[in-house]
Amino acid sequence: MAGYESRQVDGATEFSTTPEVVPMPLMLVAIPGVLLILIALSIKFIYGVIAAGFCYGAMYLLTHSKQATQYRSPAKFRVSPTGVDVGGTTIPKDAIHRVIVRNHVLKAAEGIIVVASPNVNSGQQNTVAGMNWAISKLGPISYRVDVEARGVPTTLAGGLTEPTASAIMSDVSKVLQLS
């Protein structure tokens, strides 16, 4: 189950996080995919098999894209009043400027303007559908918690919902005794 756990270990608080699972884009691919497969099957069986492979490939690419997989791995880090230990690196408390929650999917979609194309079947509809899928499905489960030290962000955990990321940020700030 996605979320986080914290426990006391040697005077520090150890956090373990499990990212949310990327949903399958079934409805995004299902309608055009079924039509493509039916049309291909009506021509020749092997074309139907190729079309089915193409549909599977499209779903695979959507769920394994950089947006879908970035910052989405289980994480374990320790926080003590003296600093943060993450991935073998120790960040001293004095160097930490802030603990912040970010979302790379919603940030990437910020300010995008889509202009309708007068050309029928220009492919723009598919692009917009893919962007909408990323924003509506990936956006809510792509929050991460970063610690900024010396102007460099270090990701503590990612692939989280906003409430989970906010809770981790609050707990880390309490342990570090940041204002």
# chains A, B, ... in the order shown; residues from 1 in each chain; ligands from 1
call {"tool": "select_by_dssp", "arguments": {"residues": "region 37-124 of chain A", "states": "strand (DSSP E)", "output": "number ranges by chain"}}
result
A: 75-80, 83-86, 89-92, 96-103
call {"tool": "closest_residue", "arguments": {"among": "A:Phe15, A:Tyr4, A:Tyr60, A:Tyr143", "to": "Lys76 (chain A)", "atoms": "only C-alpha atoms"}}
result
A:Phe15
call {"tool": "atom_distance", "arguments": {"atom1": "CA of Asp94 (chain A)", "atom2": "CA of Arg150 (chain A)"}}
result
9.7 Å
call {"tool": "residues_around", "arguments": {"residues": "Ser173 (chain A)", "least_positions_apart": "3", "cutoff": "10 Å", "atoms": "only C-alpha atoms", "output": "PyMOL selection string"}}
result
chain A and resi 79+81+98-100+147+167-170+176-179
call {"tool": "atom_distance", "arguments": {"atom1": "CA of Thr63 (chain A)", "atom2": "CA of Leu26 (chain A)"}}
result
10.7 Å
call {"tool": "atom_distance", "arguments": {"atom1": "CA of Gly33 (chain A)", "atom2": "CA of Tyr56 (chain A)"}}
result
9.0 Å
call {"tool": "select_by_dssp", "arguments": {"residues": "chain A", "states": "alpha helix (DSSP H)", "output": "PyMOL selection string"}}
result
chain A and resi 26-43+45-63+66-69+104-109+124-133+162-176
call {"tool": "closest_residue", "arguments": {"among": "A:Val101, A:Ala149, A:Met131, A:Ile91", "to": "Thr164 (chain A)", "atoms": "only C-alpha atoms"}}
result
A:Val101
call {"tool": "closest_residue", "arguments": {"among": "A:Ser42, A:Thr13, A:Thr154, A:Ser142", "to": "Asp171 (chain A)", "atoms": "only C-alpha atoms"}}
result
A:Thr13
call {"tool": "residues_around", "arguments": {"residues": "Leu62 (chain A)", "least_positions_apart": "2", "cutoff": "12 Å", "atoms": "only C-alpha atoms", "output": "JSON, numbers by chain"}}
result
{"A": [22, 23, 24, 25, 26, 28, 29, 55, 56, 57, 58, 59, 60, 64, 65, 66, 67, 68, 69, 127, 129, 130, 131, 133, 134, 137, 138]}
call {"tool": "closest_residue", "arguments": {"among": "A:Ile135, A:Val145, A:Ala51, A:Ala75", "to": "Pro19 (chain A)", "atoms": "only C-alpha atoms"}}
result
A:Ala75
call {"tool": "closest_residue", "arguments": {"among": "A:Val86, A:Met27, A:Leu41, A:Ala95", "to": "Gly151 (chain A)", "atoms": "only C-alpha atoms"}}
result
A:Ala95
call {"tool": "residues_around", "arguments": {"residues": "Glu5 (chain A)", "least_positions_apart": "4", "cutoff": "9 Å", "atoms": "only C-alpha atoms", "output": "list in words"}}
result
Glu14, Phe15, Ser16, Thr17 and Thr18 of chain A
